[in-house]
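**Student:** Dropping in upload.pdb, which is PDB, C-alpha atoms and all ligand atoms:
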```pdb
ATOM      1  CA  MET D   1       3.123  20.106  17.326
ATOM      2  CA  SER D   2       5.592  18.407  19.601
ATOM      3  CA  ASP D   3       6.255  14.690  19.489
ATOM      4  CA  ALA D   4       4.546  14.316  22.855
ATOM      5  CA  ASN D   5       1.430  15.992  21.487
ATOM      6  CA  LYS D   6       1.488  13.798  18.416
ATOM      7  CA  ARG D   7       1.712  10.716  20.537
ATOM      8  CA  GLN D   8      -1.170  11.876  22.686
ATOM      9  CA  ARG D   9      -3.309  12.630  19.667
ATOM     10  CA  TYR D  10      -2.492   9.269  18.239
ATOM     11  CA  ASP D  11      -3.347   7.434  21.435
ATOM     12  CA  GLN D  12      -6.646   9.254  21.490
ATOM     13  CA  PHE D  13      -7.671   7.649  18.203
ATOM     14  CA  GLY D  14      -6.291   4.239  19.007
ATOM     15  CA  HIS D  15      -5.460   1.476  16.594
ATOM     16  CA  ASP D  16      -7.737  -1.398  17.448
ATOM     17  CA  GLY D  17      -8.984  -1.576  13.895
ATOM     18  CA  LEU D  18      -5.571  -2.336  12.492
ATOM     19  CA  ARG D  19      -4.005  -5.725  12.693
ATOM     20  CA  ALA D  20      -0.508  -4.472  12.154
ATOM     21  CA  GLY D  21       2.897  -4.050  13.696
ATOM     22  CA  ALA D  22       4.198  -1.077  15.611
ATOM     23  CA  ASP D  23       5.515   0.553  12.465
ATOM     24  CA  PHE D  24       2.009   1.398  11.413
ATOM     25  CA  HIS D  25       1.024   3.591  14.272
ATOM     26  CA  THR D  26       3.470   6.383  14.128
ATOM     27  CA  TYR D  27       2.030   8.861  11.667
ATOM     28  CA  ALA D  28      -0.197  11.168  13.649
ATOM     29  CA  ASN D  29      -1.117  13.660  11.003
ATOM     30  CA  PHE D  30      -3.036  12.237   8.083
ATOM     31  CA  ASP D  31      -3.578  15.644   6.515
ATOM     32  CA  ASP D  32       0.142  16.089   6.244
ATOM     33  CA  ILE D  33       0.502  12.872   4.313
ATOM     34  CA  PHE D  34      -2.315  13.841   2.062
ATOM     35  CA  ARG D  35      -0.978  17.278   1.340
ATOM     36  CA  HIS D  36       2.586  16.175   0.795
ATOM     37  CA  PHE D  37       1.756  13.263  -1.419
ATOM     38  CA  SER D  38      -1.374  14.202  -3.303
ATOM     39  CA  ASP D  39       0.795  15.678  -6.042
ATOM     40  CA  ILE D  40       2.673  12.411  -6.419
ATOM     41  CA  PHE D  41      -0.281  10.077  -6.306
ATOM     42  CA  GLY D  42      -2.626  12.231  -8.340
ATOM     43  CA  ALA D  43      -6.358  11.907  -8.167
ATOM     44  CA  GLY D  44      -6.488   8.141  -8.440
ATOM     45  CA  PHE D  45      -4.340   7.096  -5.539
ATOM     46  CA  GLY D  46      -5.529   4.207  -3.457
ATOM     47  CA  GLY D  47      -5.803   5.682  -0.008
ATOM     48  CA  SER D  48      -3.984   5.128   3.210
ATOM     49  CA  ILE D  49      -4.877   2.171   5.346
ATOM     50  CA  PHE D  50      -5.115   4.836   8.030
ATOM     51  CA  ASP D  51      -8.308   6.366   6.717
ATOM     52  CA  ASP D  52     -10.372   4.890   9.499
ATOM     53  CA  VAL D  53      -8.007   5.646  12.307
ATOM     54  CA  PHE D  54      -7.726   9.325  11.712
ATOM     55  CA  VAL D  55     -11.319  10.217  11.001
ATOM     56  CA  GLY D  56     -11.873  13.499  12.771
ATOM     57  CA  GLY D  57      -8.150  13.939  13.243
ATOM     58  CA  ARG D  58      -7.780  17.139  11.285
ATOM     59  CA  THR D  59      -4.940  19.170  12.638
ATOM     60  CA  SER D  60      -3.117  22.302  11.761
ATOM     61  CA  SER D  61      -0.173  21.970   9.422
ATOM     62  CA  ARG D  62       3.097  20.651  10.769
ATOM     63  CA  SER D  63       4.883  23.413  12.563
ATOM     64  CA  ARG D  64       8.267  24.406  11.285
ATOM     65  CA  ALA D  65      11.143  22.558  12.916
ATOM     66  CA  GLN D  66      13.009  24.593  15.470
ATOM     67  CA  VAL D  67      16.436  23.425  14.378
ATOM     68  CA  GLY D  68      17.979  23.029  10.941
ATOM     69  CA  ILE D  69      16.043  22.332   7.776
ATOM     70  CA  PRO D  70      13.576  19.426   7.752
ATOM     71  CA  GLY D  71      14.372  16.399   5.606
ATOM     72  CA  SER D  72      12.159  15.534   2.679
ATOM     73  CA  ASP D  73       9.713  12.640   2.541
ATOM     74  CA  LEU D  74      10.525   9.541   0.524
ATOM     75  CA  LYS D  75       8.291   7.189  -1.391
ATOM     76  CA  ILE D  76       9.145   3.547  -1.992
ATOM     77  CA  ARG D  77       7.180   0.915  -3.904
ATOM     78  CA  LEU D  78       6.656  -2.499  -2.376
ATOM     79  CA  LYS D  79       5.636  -5.412  -4.576
ATOM     80  CA  MET D  80       3.315  -7.953  -2.966
ATOM     81  CA  THR D  81       2.056 -11.276  -4.285
ATOM     82  CA  LEU D  82      -1.523 -12.334  -3.590
ATOM     83  CA  GLU D  83      -0.142 -15.114  -1.364
ATOM     84  CA  GLU D  84       1.654 -12.487   0.750
ATOM     85  CA  ILE D  85      -1.439 -10.300   0.847
ATOM     86  CA  VAL D  86      -3.502 -13.192   2.221
ATOM     87  CA  THR D  87      -1.244 -13.719   5.227
ATOM     88  CA  GLY D  88       0.347 -10.308   5.682
ATOM     89  CA  VAL D  89       4.146 -10.158   5.818
ATOM     90  CA  GLU D  90       7.109  -8.471   7.401
ATOM     91  CA  LYS D  91       9.260  -7.035   4.625
ATOM     92  CA  LYS D  92      12.772  -5.664   4.727
ATOM     93  CA  LEU D  93      13.279  -2.660   2.507
ATOM     94  CA  LYS D  94      16.609  -1.274   1.403
ATOM     95  CA  VAL D  95      16.256   2.472   1.358
ATOM     96  CA  LYS D  96      18.818   4.930   0.003
ATOM     97  CA  ARG D  97      18.389   8.097   1.998
ATOM     98  CA  TRP D  98      20.157  10.934   3.753
ATOM     99  CA  LYS D  99      21.145   9.878   7.248
ATOM    100  CA  THR D 100      22.418  11.879  10.195
ATOM    101  CA  CYS D 101      26.203  12.432  10.118
ATOM    102  CA  ASP D 102      27.826  10.307  12.824
ATOM    103  CA  ILE D 103      30.804  12.595  13.235
ATOM    104  CA  CYS D 104      28.918  15.742  14.242
ATOM    105  CA  ASN D 105      25.678  14.061  15.326
ATOM    106  CA  GLY D 106      23.836  16.085  12.725
ATOM    107  CA  SER D 107      24.867  19.538  13.904
ATOM    108  CA  GLY D 108      27.112  20.192  10.905
ATOM    109  CA  ALA D 109      29.675  21.859  13.163
ATOM    110  CA  LYS D 110      33.283  20.695  13.478
ATOM    111  CA  ALA D 111      33.955  18.903  16.754
ATOM    112  CA  GLY D 112      34.695  21.381  19.552
ATOM    113  CA  THR D 113      33.243  24.361  17.733
ATOM    114  CA  ALA D 114      30.009  26.058  18.691
ATOM    115  CA  LYS D 115      27.347  27.746  16.594
ATOM    116  CA  THR D 116      27.135  31.504  16.483
ATOM    117  CA  THR D 117      24.289  33.939  15.965
ATOM    118  CA  CYS D 118      23.438  34.397  12.299
ATOM    119  CA  PRO D 119      24.709  37.823  11.229
ATOM    120  CA  ALA D 120      22.114  38.164   8.455
ATOM    121  CA  CYS D 121      19.067  38.019  10.734
ATOM    122  CA  ASN D 122      20.672  38.704  14.120
ATOM    123  CA  GLY D 123      19.399  35.339  15.330
ATOM    124  CA  ASN D 124      15.735  35.967  14.527
ATOM    125  CA  GLY D 125      15.622  33.394  11.732
ATOM    126  CA  GLU D 126      13.575  35.734   9.601
ATOM    127  CA  ILE D 127      14.057  38.941   7.688
ATOM    128  CA  ARG D 128      11.529  41.775   8.052
ATOM    129  CA  GLN D 129      11.119  44.312   5.358
ATOM    130  CA  VAL D 130       9.032  47.416   5.846
ATOM    131  CA  SER D 131       7.623  49.319   2.916
ATOM    132  CA  ARG D 132       5.427  52.403   2.894
ATOM    133  CA  SER D 133       2.746  53.425   0.469
ATOM    134  CA  VAL D 134      -0.228  55.812   0.449
ATOM    135  CA  PHE D 135      -2.271  53.005   2.059
ATOM    136  CA  GLY D 136       0.042  52.702   4.999
ATOM    137  CA  GLN D 137       2.945  50.622   6.141
ATOM    138  CA  PHE D 138       3.489  47.032   5.039
ATOM    139  CA  VAL D 139       5.706  44.513   6.759
ATOM    140  CA  SER D 140       6.814  41.410   4.921
ATOM    141  CA  VAL D 141       8.525  38.611   6.756
ATOM    142  CA  THR D 142      10.656  35.993   4.999
ATOM    143  CA  THR D 143      12.744  33.112   6.333
ATOM    144  CA  CYS D 144      16.414  34.008   6.553
ATOM    145  CA  SER D 145      18.217  32.274   3.696
ATOM    146  CA  ASN D 146      21.593  32.472   5.414
ATOM    147  CA  CYS D 147      20.625  30.245   8.353
ATOM    148  CA  GLY D 148      17.506  28.593   6.960
ATOM    149  CA  GLY D 149      15.453  30.150   9.756
ATOM    150  CA  GLU D 150      17.468  28.655  12.569
ATOM    151  CA  GLY D 151      18.977  31.968  13.689
ATOM    152  CA  ARG D 152      22.370  30.374  14.248
ATOM    153  CA  VAL D 153      25.137  29.375  11.887
ATOM    154  CA  ILE D 154      28.110  27.086  12.317
ATOM    155  CA  LYS D 155      31.573  28.595  12.668
ATOM    156  CA  GLU D 156      33.558  25.686  11.270
ATOM    157  CA  ARG D 157      32.074  22.939   9.128
ATOM    158  CA  CYS D 158      32.218  19.247  10.054
ATOM    159  CA  THR D 159      34.549  17.533   7.602
ATOM    160  CA  GLY D 160      32.397  14.386   7.423
ATOM    161  CA  CYS D 161      29.341  16.104   5.972
ATOM    162  CA  ASN D 162      30.751  19.456   4.855
ATOM    163  CA  GLY D 163      28.524  21.189   7.402
ATOM    164  CA  GLU D 164      25.248  19.695   6.217
ATOM    165  CA  GLY D 165      24.793  17.441   9.233
ATOM    166  CA  ARG D 166      23.800  14.510   7.030
ATOM    167  CA  VAL D 167      25.409  12.091   4.594
ATOM    168  CA  HIS D 168      24.188   9.667   1.921
ATOM    169  CA  GLY D 169      23.499   6.195   3.216
ATOM    170  CA  GLU D 170      21.561   3.001   2.739
ATOM    171  CA  THR D 171      19.393   1.563   5.486
ATOM    172  CA  THR D 172      17.345  -1.581   5.841
ATOM    173  CA  ILE D 173      13.899  -0.867   7.236
ATOM    174  CA  LYS D 174      11.452  -3.452   8.451
ATOM    175  CA  VAL D 175       7.813  -2.896   7.580
ATOM    176  CA  ASN D 176       4.889  -5.019   8.707
ATOM    177  CA  VAL D 177       2.279  -5.209   5.993
ATOM    178  CA  PRO D 178      -1.108  -6.390   7.294
ATOM    179  CA  ALA D 179      -3.212  -8.935   5.420
ATOM    180  CA  GLY D 180      -5.721  -7.581   2.937
ATOM    181  CA  VAL D 181      -3.860  -4.608   1.469
ATOM    182  CA  SER D 182      -4.351  -3.749  -2.183
ATOM    183  CA  GLU D 183      -2.759  -1.810  -5.009
ATOM    184  CA  GLY D 184      -2.234   1.848  -4.108
ATOM    185  CA  ASN D 185      -2.565   1.434  -0.332
ATOM    186  CA  TYR D 186       0.284   3.148   1.423
ATOM    187  CA  ILE D 187       1.952   2.860   4.784
ATOM    188  CA  PRO D 188       3.470   6.027   6.231
ATOM    189  CA  LEU D 189       6.549   5.482   8.391
ATOM    190  CA  HIS D 190       7.086   8.561  10.507
ATOM    191  CA  ASN D 191      10.622  10.021  10.549
ATOM    192  CA  GLN D 192      12.000   7.267   8.301
ATOM    193  CA  GLY D 193      12.552   9.549   5.304
ATOM    194  CA  ASN D 194      15.549  11.766   4.599
ATOM    195  CA  ALA D 195      17.437  13.164   7.590
ATOM    196  CA  GLY D 196      17.142  16.925   7.912
ATOM    197  CA  GLN D 197      20.014  19.353   7.445
ATOM    198  CA  ARG D 198      21.913  20.413  10.578
ATOM    199  CA  GLY D 199      19.627  18.509  12.936
ATOM    200  CA  GLY D 200      16.353  19.270  11.174
ATOM    201  CA  GLU D 201      13.428  16.897  11.644
ATOM    202  CA  PRO D 202      13.604  13.861   9.350
ATOM    203  CA  GLY D 203      10.982  13.379   6.659
ATOM    204  CA  ASP D 204       8.676  10.396   6.417
ATOM    205  CA  LEU D 205       8.943   7.245   4.347
ATOM    206  CA  ILE D 206       5.805   6.305   2.457
ATOM    207  CA  VAL D 207       5.566   2.670   1.421
ATOM    208  CA  VAL D 208       3.232   2.224  -1.527
ATOM    209  CA  ILE D 209       1.784  -1.232  -2.130
ATOM    210  CA  GLU D 210       2.021  -2.693  -5.613
ATOM    211  CA  GLU D 211       0.023  -5.839  -6.208
ATOM    212  CA  GLU D 212       1.664  -8.305  -8.575
ATOM    213  CA  PRO D 213      -0.625  -9.984 -11.096
ATOM    214  CA  HIS D 214      -1.158 -13.667 -10.279
ATOM    215  CA  ARG D 215      -0.563 -16.538 -12.682
ATOM    216  CA  ILE D 216      -3.935 -18.200 -12.065
ATOM    217  CA  PHE D 217      -6.009 -16.020  -9.739
ATOM    218  CA  THR D 218      -7.820 -12.785 -10.489
ATOM    219  CA  ARG D 219      -8.651 -10.499  -7.570
ATOM    220  CA  ASP D 220     -12.045  -8.838  -7.246
ATOM    221  CA  GLY D 221     -12.068  -6.849  -4.020
ATOM    222  CA  ASP D 222     -11.709  -9.423  -1.269
ATOM    223  CA  ASP D 223     -12.769 -12.277  -3.576
ATOM    224  CA  VAL D 224     -10.453 -14.218  -5.867
ATOM    225  CA  ILE D 225     -11.563 -15.896  -9.066
ATOM    226  CA  LEU D 226     -10.180 -19.149 -10.432
ATOM    227  CA  ASP D 227     -10.867 -20.534 -13.883
ATOM    228  CA  LEU D 228     -11.101 -24.313 -13.566
ATOM    229  CA  LEU D 229     -11.073 -26.944 -16.322
ATOM    230  CA  ILE D 230     -12.877 -30.230 -15.716
ATOM    231  CA  SER D 231     -13.555 -33.146 -18.065
ATOM    232  CA  TYR D 232     -16.940 -33.878 -19.609
ATOM    233  CA  PRO D 233     -17.394 -37.078 -17.532
ATOM    234  CA  GLN D 234     -16.511 -35.163 -14.338
ATOM    235  CA  ALA D 235     -19.178 -32.558 -15.158
ATOM    236  CA  VAL D 236     -21.760 -35.222 -15.951
ATOM    237  CA  LEU D 237     -21.095 -37.673 -13.125
ATOM    238  CA  GLY D 238     -19.854 -35.260 -10.453
ATOM    239  CA  THR D 239     -16.603 -35.670  -8.530
ATOM    240  CA  ASP D 240     -14.564 -34.503  -5.548
ATOM    241  CA  ILE D 241     -11.445 -32.679  -6.711
ATOM    242  CA  GLU D 242      -8.667 -30.586  -5.251
ATOM    243  CA  VAL D 243      -8.213 -27.029  -6.465
ATOM    244  CA  PRO D 244      -5.503 -24.482  -5.713
ATOM    245  CA  THR D 245      -6.302 -21.637  -3.310
ATOM    246  CA  LEU D 246      -4.078 -18.810  -2.110
ATOM    247  CA  SER D 247      -3.444 -20.774   1.090
ATOM    248  CA  GLY D 248      -2.821 -24.228  -0.394
ATOM    249  CA  ARG D 249      -4.957 -26.871  -2.055
ATOM    250  CA  ALA D 250      -8.555 -27.384  -0.935
ATOM    251  CA  LYS D 251     -11.339 -29.868  -1.680
ATOM    252  CA  LEU D 252     -14.156 -28.872  -4.015
ATOM    253  CA  LYS D 253     -17.275 -30.910  -4.765
ATOM    254  CA  ILE D 254     -18.492 -30.942  -8.348
ATOM    255  CA  GLU D 255     -22.164 -31.945  -8.329
ATOM    256  CA  PRO D 256     -23.427 -34.338 -11.016
ATOM    257  CA  GLY D 257     -24.786 -32.357 -13.960
ATOM    258  CA  THR D 258     -22.645 -29.263 -13.393
ATOM    259  CA  GLN D 259     -22.933 -26.977 -16.400
ATOM    260  CA  SER D 260     -19.953 -25.311 -18.023
ATOM    261  CA  GLY D 261     -19.689 -21.705 -16.826
ATOM    262  CA  LYS D 262     -21.152 -22.425 -13.399
ATOM    263  CA  ILE D 263     -19.594 -20.408 -10.570
ATOM    264  CA  LEU D 264     -18.856 -22.311  -7.372
ATOM    265  CA  ARG D 265     -18.246 -20.310  -4.213
ATOM    266  CA  MET D 266     -15.639 -21.431  -1.673
ATOM    267  CA  ARG D 267     -16.495 -19.373   1.399
ATOM    268  CA  GLY D 268     -13.682 -17.651   3.252
ATOM    269  CA  LYS D 269     -11.010 -18.821   0.802
ATOM    270  CA  GLY D 270     -10.453 -15.326  -0.558
ATOM    271  CA  ILE D 271      -8.536 -12.405   0.917
ATOM    272  CA  PRO D 272      -8.972 -11.190   4.519
ATOM    273  CA  ASN D 273     -10.591  -7.778   4.724
ATOM    274  CA  LEU D 274      -8.131  -5.097   5.842
ATOM    275  CA  ARG D 275     -10.505  -3.562   8.365
ATOM    276  CA  SER D 276     -12.600  -6.436   9.684
ATOM    277  CA  ASN D 277     -12.534 -10.118  10.505
ATOM    278  CA  TYR D 278     -14.387 -10.895   7.318
ATOM    279  CA  ALA D 279     -12.596 -12.806   4.566
ATOM    280  CA  GLY D 280     -13.610 -12.885   0.917
ATOM    281  CA  ASP D 281     -14.479 -16.009  -1.061
ATOM    282  CA  GLN D 282     -12.846 -17.932  -3.842
ATOM    283  CA  LEU D 283     -15.098 -18.078  -6.890
ATOM    284  CA  VAL D 284     -14.422 -21.044  -9.145
ATOM    285  CA  ARG D 285     -15.699 -20.796 -12.684
ATOM    286  CA  VAL D 286     -16.157 -24.297 -14.037
ATOM    287  CA  ASN D 287     -15.208 -24.837 -17.670
ATOM    288  CA  VAL D 288     -15.818 -28.190 -19.336
ATOM    289  CA  TRP D 289     -12.769 -29.222 -21.319
ATOM    290  CA  ILE D 290     -13.414 -30.335 -24.880
ATOM    291  CA  PRO D 291     -10.693 -32.831 -25.892
ATOM    292  CA  THR D 292      -8.976 -32.297 -29.232
ATOM    293  CA  HIS D 293      -6.897 -35.473 -29.587
ATOM    294  CA  LEU D 294      -8.858 -38.726 -29.453
ATOM    295  CA  SER D 295      -7.942 -42.312 -30.269
ATOM    296  CA  LYS D 296     -10.058 -44.439 -32.580
ATOM    297  CA  GLU D 297     -11.501 -46.239 -29.544
ATOM    298  CA  ASP D 298     -12.369 -42.915 -27.839
ATOM    299  CA  LYS D 299     -14.203 -41.795 -30.942
ATOM    300  CA  GLU D 300     -16.146 -45.048 -31.172
ATOM    301  CA  LEU D 301     -17.224 -44.678 -27.542
ATOM    302  CA  LEU D 302     -18.380 -41.107 -28.128
ATOM    303  CA  LYS D 303     -20.222 -42.031 -31.295
ATOM    304  CA  GLY D 304     -22.047 -44.753 -29.381
ATOM    305  CA  LEU D 305     -22.874 -42.286 -26.604
ATOM    306  CA  SER D 306     -24.095 -39.622 -29.016
ATOM    307  CA  LYS D 307     -26.922 -41.899 -30.127
ATOM    308  CA  SER D 308     -28.477 -41.591 -26.656
ATOM    309  CA  GLU D 309     -31.445 -39.268 -26.408
ATOM    310  CA  ASN D 310     -30.119 -37.958 -23.029
ATOM    311  CA  ILE D 311     -26.955 -36.522 -24.580
ATOM    312  CA  GLN D 312     -28.734 -33.901 -26.695
ATOM    313  CA  PRO D 313     -29.644 -30.469 -25.368
ATOM    314  CA  HIS D 314     -33.321 -29.656 -25.725
ATOM    315  CA  GLU D 315     -35.025 -26.366 -26.324
ATOM    316  CA  GLY D 316     -35.728 -24.767 -22.942
ATOM    317  CA  ASP D 317     -32.767 -26.414 -21.203
ATOM    318  CA  LYS D 318     -30.879 -23.897 -19.073
ATOM    319  CA  SER D 319     -27.141 -23.344 -19.095
ATOM    320  CA  ALA D 320     -25.174 -21.944 -16.171
ATOM    321  CA  HIS D 321     -25.234 -18.628 -18.028
ATOM    322  CA  SER D 322     -28.961 -18.200 -17.397
ATOM    323  CA  ASP D 323     -28.055 -16.795 -13.978
ATOM    324  CA  LYS D 324     -27.857 -13.361 -15.557
ATOM    325  CA  SER D 325     -26.772 -11.088 -12.731
ATOM    326  CA  PHE D 326     -23.890 -13.284 -11.730
ATOM    327  CA  PHE D 327     -22.806 -13.916 -15.276
ATOM    328  CA  GLU D 328     -22.795 -10.238 -16.123
ATOM    329  CA  LYS D 329     -20.508  -9.636 -13.183
ATOM    330  CA  MET D 330     -18.154 -12.377 -14.313
ATOM    331  CA  LYS D 331     -18.167 -11.042 -17.843
ATOM    332  CA  ASP D 332     -16.994  -7.704 -16.516
ATOM    333  CA  ILE D 333     -14.200  -9.308 -14.573
ATOM    334  CA  PHE D 334     -12.942 -11.587 -17.316
ATOM    335  CA  SER D 335     -13.338  -9.247 -20.265
TER     336      SER D 335
HETATM  337 ZN    ZN D 401      29.014  16.024  10.155
HETATM  338 ZN    ZN D 402      19.726  34.057   9.730
END
```
Take the structure from the file and write it as structure tokens.
Ligand SMILES: [Zn+2]
Ligand SMILES: [Zn+2]
**Tutor:**
Amino acid sequence: MSDANKRQRYDQFGHDGLRAGADFHTYANFDDIFRHFSDIFGAGFGGSIFDDVFVGGRTSSRSRAQVGIPGSDLKIRLKMTLEEIVTGVEKKLKVKRWKTCDICNGSGAKAGTAKTTCPACNGNGEIRQVSRSVFGQFVSVTTCSNCGGEGRVIKERCTGCNGEGRVHGETTIKVNVPAGVSEGNYIPLHNQGNAGQRGGEPGDLIVVIEEEPHRIFTRDGDDVILDLLISYPQAVLGTDIEVPTLSGRAKLKIEPGTQSGKILRMRGKGIPNLRSNYAGDQLVRVNVWIPTHLSKEDKELLKGLSKSENIQPHEGDKSAHSDKSFFEKMKDIFS
């Protein structure tokens, strides 16, 4: 498929669903990505953020490049913090890859020399072999190994790249990562992989997202969970406190009589959904802190308090853990 066709196919599917930079829209053939990379990612890979865009976009396999030998695809891992995932970021990646030779512009031929017809295949790019048997005549066709299928070979090699048309190099590539990505998501960058040999089509660069574990937050889909310690008086009397979120500190109201283990939901303080305007929540699990170092005066106060009838739990009193369905979910997350 020509580049023009790819572009047309891409435009046909559009990219309204993606809040991302231009770098995201260039891979027009999802099946190609899948086929080329399924062996690397195995069965458990996370899935391209392009899934939605290319629904129905099944195409035939990438046609063989007309010139040279195509470059291979590259995979690079990109670490992201939860803070970066919340906002989305532009990242600069240093990529070691084959790049087109500047001296010969990728042709592999010495300046001033032209290519000639490949003597092995007479310019056909393929070798036909005919064999006969009692069942009839068989023709097998293989790509010419002398010219790599191009049908032409160089007379004199470029000294910069020894005739390969490409040299080792390091390039800085900008990639816009949208908000809401998660571990295993990948971003295909069309033609940003290894340069091909003797002018062959470059491969693609696949950026694979790696989510770094957070010091205090645990991610659960688009929600984030925070374990919060409060004092016994705060739990009993209620208070307004500030808690950390992924986008700075935010106010949280602790109602009087809040039980240890209660989950408080801070709406929209989680992670933006990759494919919608929805944002997840921050779930705050309240834990009442039991002090371990007390002065004599503290102890006297507590002893006085403990005589009160209201301090004792009674049979039938409910803890925050009586909300079974929610607690089971939390247990799964924290275990
Ligand atoms: Zn060269
Ligand atoms: Zn040949």
**Student:** Once you count only C-alpha atoms and all ligand atoms, what closest atom pair and distance in Å to one decimal does each residue of chain D within 9 Å of ligand ZN 401 (chain D) have, with rows by chain and rising residue number, as JSON lines?
**Tutor:**
```
{"residue": "D:Thr100", "atom": "CA", "partner": "D:ZN401", "partner_atom": "ZN", "distance": 7.8}
{"residue": "D:Cys101", "atom": "CA", "partner": "D:ZN401", "partner_atom": "ZN", "distance": 4.6}
{"residue": "D:Asp102", "atom": "CA", "partner": "D:ZN401", "partner_atom": "ZN", "distance": 6.4}
{"residue": "D:Ile103", "atom": "CA", "partner": "D:ZN401", "partner_atom": "ZN", "distance": 4.9}
{"residue": "D:Cys104", "atom": "CA", "partner": "D:ZN401", "partner_atom": "ZN", "distance": 4.1}
{"residue": "D:Asn105", "atom": "CA", "partner": "D:ZN401", "partner_atom": "ZN", "distance": 6.5}
{"residue": "D:Gly106", "atom": "CA", "partner": "D:ZN401", "partner_atom": "ZN", "distance": 5.8}
{"residue": "D:Ser107", "atom": "CA", "partner": "D:ZN401", "partner_atom": "ZN", "distance": 6.6}
{"residue": "D:Gly108", "atom": "CA", "partner": "D:ZN401", "partner_atom": "ZN", "distance": 4.6}
{"residue": "D:Ala109", "atom": "CA", "partner": "D:ZN401", "partner_atom": "ZN", "distance": 6.6}
{"residue": "D:Lys110", "atom": "CA", "partner": "D:ZN401", "partner_atom": "ZN", "distance": 7.1}
{"residue": "D:Ala111", "atom": "CA", "partner": "D:ZN401", "partner_atom": "ZN", "distance": 8.7}
{"residue": "D:Arg157", "atom": "CA", "partner": "D:ZN401", "partner_atom": "ZN", "distance": 7.6}
{"residue": "D:Cys158", "atom": "CA", "partner": "D:ZN401", "partner_atom": "ZN", "distance": 4.5}
{"residue": "D:Thr159", "atom": "CA", "partner": "D:ZN401", "partner_atom": "ZN", "distance": 6.3}
{"residue": "D:Gly160", "atom": "CA", "partner": "D:ZN401", "partner_atom": "ZN", "distance": 4.6}
{"residue": "D:Cys161", "atom": "CA", "partner": "D:ZN401", "partner_atom": "ZN", "distance": 4.2}
{"residue": "D:Asn162", "atom": "CA", "partner": "D:ZN401", "partner_atom": "ZN", "distance": 6.5}
{"residue": "D:Gly163", "atom": "CA", "partner": "D:ZN401", "partner_atom": "ZN", "distance": 5.9}
{"residue": "D:Glu164", "atom": "CA", "partner": "D:ZN401", "partner_atom": "ZN", "distance": 6.6}
{"residue": "D:Gly165", "atom": "CA", "partner": "D:ZN401", "partner_atom": "ZN", "distance": 4.5}
{"residue": "D:Arg166", "atom": "CA", "partner": "D:ZN401", "partner_atom": "ZN", "distance": 6.3}
{"residue": "D:Val167", "atom": "CA", "partner": "D:ZN401", "partner_atom": "ZN", "distance": 7.7}
{"residue": "D:Arg198", "atom": "CA", "partner": "D:ZN401", "partner_atom": "ZN", "distance": 8.4}
```
**Student:** Show which residues sit within 12 Å of D:Asn146, as a list of chain:residue names. Count only C-alpha atoms, and ignore same-chain residues fewer than 4 positions away.
**Tutor:**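 In the requested format, the answer is D:Gly68, D:Ile69, D:Thr117, D:Cys118, D:Pro119, D:Ala120, D:Cys121, D:Asn122, D:Gly123, D:Asn124, D:Gly125, D:Glu126, D:Ile127, D:Thr142, D:Glu150, D:Gly151, D:Arg152, D:Val153, D:Ile154.
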**Student:** Taking the file as shown, what set of residues would the PyMOL selection byres (((chain D and resi 88) around 8) and not hetatm) give back, as a PyMOL selection string?
**Tutor:** chain D and resi 84-87+89-90+176-180
**Student:** Looking at only C-alpha atoms and all ligand atoms, which of D:Ala279, D:Leu237, D:Leu226, D:Cys147 is the one that sits closest to ligand ZN 402 (chain D)?
**Tutor:** D:Cys147
**Student:** State, in Å with one decimal place, the distance from atom CA of D:Val208 to atom CA of D:Ile187.
**Tutor:**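 So the two atoms, atom CA of D:Val208 and atom CA of D:Ile187, lie 6.5 Å apart.
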**Student:** Of the candidates D:Ile311, D:Ile225, D:Leu283, D:Cys144, which shows the shortest atom-to-atom distance to ligand ZN 402 (chain D), using all atoms listed in the file?
**Tutor:** D:Cys144
**Student:** Give me the result of the PyMOL selection byres (((chain D and resi 77-83) around 10) and not hetatm) on this file, residue by residue, as a PyMOL selection string.
**Tutor:** chain D and resi 75-76+84-89+91-93+177+179-184+186+206-214+217-219+224+245-248+270-271
**Student:** Suppose you want the space between atom CA of D:Leu205 and atom CA of D:Pro272; what is it in Å?
**Tutor:**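 One can read the atom CA of D:Leu205 to atom CA of D:Pro272 distance as 25.7 Å.
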**Student:** Can you tell me how far atom CA of D:Lys96 sits from atom CA of D:His168, in Å to one decimal?
**Tutor:**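 Rounded to one decimal, the two atoms are 7.4 Å apart.
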**Student:** Ranking D:Gly148, D:Gly199, D:Gly71, D:Gly136 by minimum distance to ligand ZN 402 (chain D) and counting all atoms listed in the file, which one comes first?
**Tutor:**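 For ligand ZN 402 (chain D), the nearest of the candidates is D:Gly148.
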**Student:** Select, from D:Val67, D:Pro313, D:Ser295, D:Gly149, the residue with the minimum atom-to-atom distance to ligand ZN 402 (chain D), counting all atoms listed in the file.
**Tutor:**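 Smallest distance to ligand ZN 402 (chain D) is found for D:Gly149.
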**Student:** Using all atoms listed in the file, which of the listed residues (D:Ser145, D:Ile263, D:Gly200, D:Leu74) sits closest to ligand ZN 402 (chain D)?
**Tutor:**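 Checking each candidate against ligand ZN 402 (chain D), we get D:Ser145 as the closest.
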